[in-house]
Amino acid sequence: DTAVSQTPKYLVTQMGNDKSIKCEQNLGHDTMYWYKQDSKKFLKIMFSYNNKELIINETVPNRFSPKSPDKAHLNLHINSLELGDSAVYFCASSYYGTGGWNEQFFGPGTRLTVL
Amino acid sequence: DAKTTQPNSMESNEEEPVHLPCNHSTISGTDYIHWYRQLPSQGPEYVIHGLTSNVNNRMASLAIAEDRKSSTLILHRATLRDAAVYYCILRGPGGGADGLTFGKGTHLIIQP
């Protein structure tokens with residue numbers, strides 16, 4: 001069984017379009033994340049949600065709007081796509097554990113290409 | 001989270017042990033040391049974590065220096081499948097929904 005799944009795996013679209021990436025986890029976790037990995041392979045946190053509530057928003061443009069319909073899902077909607085949005089987007093999940101001990105489980109990634 | 005320093009790349013032979021170093025001289029007393037790896041074209045994968053004592057699991061061992069300013073991830077018998085970028089990450093005691101702070105990591109190359 002896939003623990004953290006993302007759809008689609010690849011997404012090619014034109015500048016200015018609006019697109020969504022879906023993420024689902026079946027691990028029973030209460031916290032989910034979106035990360036962006038750019039062309040230089042740097043991985044950076046974008047958002048985190050705990051029990052459907054936004055916890056972290058790392059100065060991401062408001063064209064990016066995450067939505068968590070329930071604890072098992074965290075979708076990422078991107079409006080007015082720009083060339084610089086081309087990247088691989090990873091969803092992750094974990095238990096909410098203060099203390100620094102909790103491990104995160106990552107999805108396979110969605111490669112977004114904006115033309 | 002405090003900063004970590006890792007070599008850009010390391011090379012090893014298949015079926016030999018690999019020791020991946022990480023320096024974290026500004027680590028605080030409550031920071032956990034985590035290791036993740038990213039295989040080619042895949043998402044990051046948790047490997048191991050520890051606080052003060054050395055740790056072993058089915059994937060690897062983590063050796064933590066007595067002063068905690070450095071640590072070493074040990075792959076006991078590397079296989080070709082272990083070729084990946086390995087990230088050493090410090091996790092503070094703060095919010096449980098904090099994102100991981102990835103550095104550049106160490107690109108591990110395994111020679112057959």
# chains A, B, ... in the order shown; residues from 1 in each chain; ligands from 1
$ residues_around --residues "Gly29 in chain B" --least-positions-apart "4" --cutoff "10 Å" --atoms "only C-alpha atoms" --output "PDB file with N, CA, C and O atoms, in the first residue's frame"
ATOM      1  N   LEU B  51      19.496  11.406  19.636  1.00  0.00           N
ATOM      2  CA  LEU B  51      19.663  12.605  20.467  1.00  0.00           C
ATOM      3  C   LEU B  51      21.063  12.634  21.085  1.00  0.00           C
ATOM      4  O   LEU B  51      21.817  13.560  20.855  1.00  0.00           O
ATOM      5  N   THR B  52      21.394  11.612  21.862  1.00  0.00           N
ATOM      6  CA  THR B  52      22.711  11.578  22.492  1.00  0.00           C
ATOM      7  C   THR B  52      23.409  10.239  22.274  1.00  0.00           C
ATOM      8  O   THR B  52      24.596  10.188  21.981  1.00  0.00           O
ATOM      9  N   ASP B  67      30.428  15.182  22.506  1.00  0.00           N
ATOM     10  CA  ASP B  67      30.061  16.589  22.655  1.00  0.00           C
ATOM     11  C   ASP B  67      28.908  16.985  21.731  1.00  0.00           C
ATOM     12  O   ASP B  67      28.478  18.141  21.716  1.00  0.00           O
ATOM     13  N   ARG B  68      28.431  16.041  20.931  1.00  0.00           N
ATOM     14  CA  ARG B  68      27.305  16.205  20.006  1.00  0.00           C
ATOM     15  C   ARG B  68      27.565  17.226  18.906  1.00  0.00           C
ATOM     16  O   ARG B  68      26.641  17.609  18.202  1.00  0.00           O
ATOM     17  N   GLY B  92      14.754  20.881  16.184  1.00  0.00           N
ATOM     18  CA  GLY B  92      14.609  21.459  17.504  1.00  0.00           C
ATOM     19  C   GLY B  92      13.326  21.007  18.176  1.00  0.00           C
ATOM     20  O   GLY B  92      12.496  20.341  17.575  1.00  0.00           O
ATOM     21  N   PRO B  93      13.143  21.399  19.415  1.00  0.00           N
ATOM     22  CA  PRO B  93      11.980  20.968  20.201  1.00  0.00           C
ATOM     23  C   PRO B  93      10.746  21.805  19.950  1.00  0.00           C
ATOM     24  O   PRO B  93       9.789  21.744  20.682  1.00  0.00           O
TER      25      PRO B  93
END
$ residues_around --residues "range 2-17 of chain B" --least-positions-apart "3" --cutoff "7 Å" --atoms "only C-alpha atoms" --output "VMD selection string"
chain B and resid 21 to 24 26 to 27 75 to 80 88 to 90 105 to 112
$ residues_around --residues "Lys71 in chain A" --least-positions-apart "2" --cutoff "12 Å" --atoms "only C-alpha atoms" --output "mmCIF file with N, CA, C and O atoms, in the first residue's frame"
data_model
loop_
_atom_site.group_PDB
_atom_site.id
_atom_site.type_symbol
_atom_site.label_atom_id
_atom_site.label_comp_id
_atom_site.auth_asym_id
_atom_site.auth_seq_id
_atom_site.Cartn_x
_atom_site.Cartn_y
_atom_site.Cartn_z
ATOM 1 N N CYS A 23 -2.667 15.286 -2.847
ATOM 2 C CA CYS A 23 -1.855 14.439 -1.980
ATOM 3 C C CYS A 23 -2.758 13.726 -0.986
ATOM 4 O O CYS A 23 -3.653 14.335 -0.394
ATOM 5 N N GLU A 24 -2.471 12.451 -0.801
ATOM 6 C CA GLU A 24 -3.229 11.650 0.161
ATOM 7 C C GLU A 24 -2.263 10.780 0.960
ATOM 8 O O GLU A 24 -1.311 10.241 0.399
ATOM 9 N N GLN A 25 -2.521 10.640 2.250
ATOM 10 C CA GLN A 25 -1.714 9.727 3.063
ATOM 11 C C GLN A 25 -2.631 8.768 3.822
ATOM 12 O O GLN A 25 -3.703 9.177 4.287
ATOM 13 N N ASN A 26 -2.197 7.518 3.902
ATOM 14 C CA ASN A 26 -2.994 6.502 4.598
ATOM 15 C C ASN A 26 -2.287 5.996 5.849
ATOM 16 O O ASN A 26 -2.466 4.846 6.261
ATOM 17 N N LEU A 27 -1.462 6.857 6.438
ATOM 18 C CA LEU A 27 -0.679 6.488 7.617
ATOM 19 C C LEU A 27 -1.353 6.895 8.916
ATOM 20 O O LEU A 27 -0.794 6.650 9.989
ATOM 21 N N GLY A 28 -2.480 7.580 8.828
ATOM 22 C CA GLY A 28 -3.147 8.042 10.034
ATOM 23 C C GLY A 28 -2.493 9.255 10.668
ATOM 24 O O GLY A 28 -2.767 9.583 11.821
ATOM 25 N N HIS A 29 -1.624 9.924 9.925
ATOM 26 C CA HIS A 29 -0.942 11.111 10.456
ATOM 27 C C HIS A 29 -1.885 12.293 10.533
ATOM 28 O O HIS A 29 -2.897 12.359 9.838
ATOM 29 N N ASP A 30 -1.532 13.250 11.395
ATOM 30 C CA ASP A 30 -2.373 14.433 11.552
ATOM 31 C C ASP A 30 -1.721 15.696 10.992
ATOM 32 O O ASP A 30 -2.299 16.782 11.086
ATOM 33 N N THR A 31 -0.532 15.567 10.436
ATOM 34 C CA THR A 31 0.202 16.732 9.930
ATOM 35 C C THR A 31 0.698 16.440 8.521
ATOM 36 O O THR A 31 1.232 15.360 8.266
ATOM 37 N N MET A 32 0.498 17.404 7.627
ATOM 38 C CA MET A 32 0.932 17.230 6.244
ATOM 39 C C MET A 32 1.671 18.467 5.774
ATOM 40 O O MET A 32 1.486 19.564 6.325
ATOM 41 N N TYR A 33 2.517 18.276 4.768
ATOM 42 C CA TYR A 33 3.429 19.324 4.313
ATOM 43 C C TYR A 33 3.490 19.356 2.786
ATOM 44 O O TYR A 33 3.279 18.352 2.119
ATOM 45 N N SER A 48 2.763 23.784 6.031
ATOM 46 C CA SER A 48 2.424 22.611 6.827
ATOM 47 C C SER A 48 1.036 22.812 7.414
ATOM 48 O O SER A 48 0.625 23.947 7.702
ATOM 49 N N TYR A 49 0.326 21.716 7.552
ATOM 50 C CA TYR A 49 -1.020 21.705 8.107
ATOM 51 C C TYR A 49 -1.082 20.684 9.224
ATOM 52 O O TYR A 49 -0.525 19.588 9.111
ATOM 53 N N ASN A 50 -1.780 21.041 10.289
ATOM 54 C CA ASN A 50 -2.031 20.107 11.367
ATOM 55 C C ASN A 50 -3.535 20.052 11.600
ATOM 56 O O ASN A 50 -4.159 21.090 11.850
ATOM 57 N N ASN A 51 -4.097 18.854 11.514
ATOM 58 C CA ASN A 51 -5.551 18.706 11.683
ATOM 59 C C ASN A 51 -6.337 19.708 10.839
ATOM 60 O O ASN A 51 -7.249 20.385 11.324
ATOM 61 N N LYS A 52 -5.952 19.823 9.609
ATOM 62 C CA LYS A 52 -6.618 20.658 8.600
ATOM 63 C C LYS A 52 -6.371 22.151 8.787
ATOM 64 O O LYS A 52 -6.943 22.960 8.051
ATOM 65 N N GLU A 53 -5.541 22.525 9.742
ATOM 66 C CA GLU A 53 -5.287 23.954 9.953
ATOM 67 C C GLU A 53 -3.883 24.322 9.520
ATOM 68 O O GLU A 53 -2.923 23.603 9.827
ATOM 69 N N LEU A 54 -3.752 25.456 8.844
ATOM 70 C CA LEU A 54 -2.460 25.931 8.367
ATOM 71 C C LEU A 54 -1.576 26.302 9.549
ATOM 72 O O LEU A 54 -1.981 27.067 10.427
ATOM 73 N N LYS A 67 -5.102 23.370 0.356
ATOM 74 C CA LYS A 67 -6.416 23.106 0.936
ATOM 75 C C LYS A 67 -6.414 21.709 1.530
ATOM 76 O O LYS A 67 -5.994 20.761 0.872
ATOM 77 N N SER A 68 -6.886 21.603 2.751
ATOM 78 C CA SER A 68 -6.911 20.318 3.434
ATOM 79 C C SER A 68 -8.350 19.966 3.763
ATOM 80 O O SER A 68 -8.880 20.398 4.788
ATOM 81 N N PRO A 69 -9.003 19.160 2.917
ATOM 82 C CA PRO A 69 -10.398 18.803 3.184
ATOM 83 C C PRO A 69 -10.560 17.897 4.408
ATOM 84 O O PRO A 69 -11.605 17.919 5.054
ATOM 85 N N HIS A 73 -5.725 14.366 3.513
ATOM 86 C CA HIS A 73 -5.524 15.009 2.211
ATOM 87 C C HIS A 73 -5.014 16.427 2.356
ATOM 88 O O HIS A 73 -5.481 17.174 3.225
ATOM 89 N N LEU A 74 -4.055 16.771 1.498
ATOM 90 C CA LEU A 74 -3.591 18.154 1.406
ATOM 91 C C LEU A 74 -3.311 18.434 -0.059
ATOM 92 O O LEU A 74 -2.376 17.886 -0.629
ATOM 93 N N ASN A 75 -4.145 19.255 -0.660
ATOM 94 C CA ASN A 75 -4.020 19.575 -2.070
ATOM 95 C C ASN A 75 -3.373 20.937 -2.235
ATOM 96 O O ASN A 75 -3.452 21.796 -1.354
ATOM 97 N N SER A 93 3.998 13.698 5.226
ATOM 98 C CA SER A 93 3.110 13.646 6.391
ATOM 99 C C SER A 93 3.875 13.138 7.602
ATOM 100 O O SER A 93 4.940 12.505 7.478
ATOM 101 N N SER A 94 3.337 13.427 8.770
ATOM 102 C CA SER A 94 3.942 12.958 10.013
ATOM 103 C C SER A 94 2.918 13.065 11.130
ATOM 104 O O SER A 94 1.835 13.639 10.949
ATOM 105 N N TYR A 95 3.258 12.518 12.287
ATOM 106 C CA TYR A 95 2.509 12.821 13.489
ATOM 107 C C TYR A 95 2.984 14.177 13.989
ATOM 108 O O TYR A 95 4.147 14.556 13.777
ATOM 109 N N TYR A 96 2.100 14.880 14.668
ATOM 110 C CA TYR A 96 2.476 16.159 15.277
ATOM 111 C C TYR A 96 3.173 15.837 16.582
ATOM 112 O O TYR A 96 2.531 15.505 17.563
#
$ atom_distance --atom1 "CA of Ile74 in chain B" --atom2 "CA of Gly99 in chain B"
24.9 Å
$ interface_residues --of "chain B" --to "chain A" --cutoff "12 Å" --atoms "only C-alpha atoms" --output "MDAnalysis selection string"
chainID B and resid 1 28:51 85 87 89:105 107
$ residues_around --residues "Gly16 in chain A" --least-positions-apart "2" --cutoff "12 Å" --atoms "only C-alpha atoms" --output "VMD selection string"
chain A and resid 13 to 14 18 to 19 63 78 to 85 114 to 115
$ atom_distance --atom1 "CA of Thr7 in chain A" --atom2 "CA of Asp38 in chain A"
18.6 Å
$ select_by_dssp --residues "chain A" --states "strand (DSSP E or B)" --output "PyMOL selection string"
chain A and resi 4-7+10-13+19-25+31-37+43-50+53-57+64-70+73-78+87-94+105-106+110-114
$ atom_distance --atom1 "CA of Leu11 in chain A" --atom2 "CA of Asp82 in chain B"
28.5 Å
$ closest_residue --among "A:Leu112, A:Ser5, A:Lys22, A:Met15" --to "Leu76 in chain A" --atoms "only C-alpha atoms"
A:Lys22
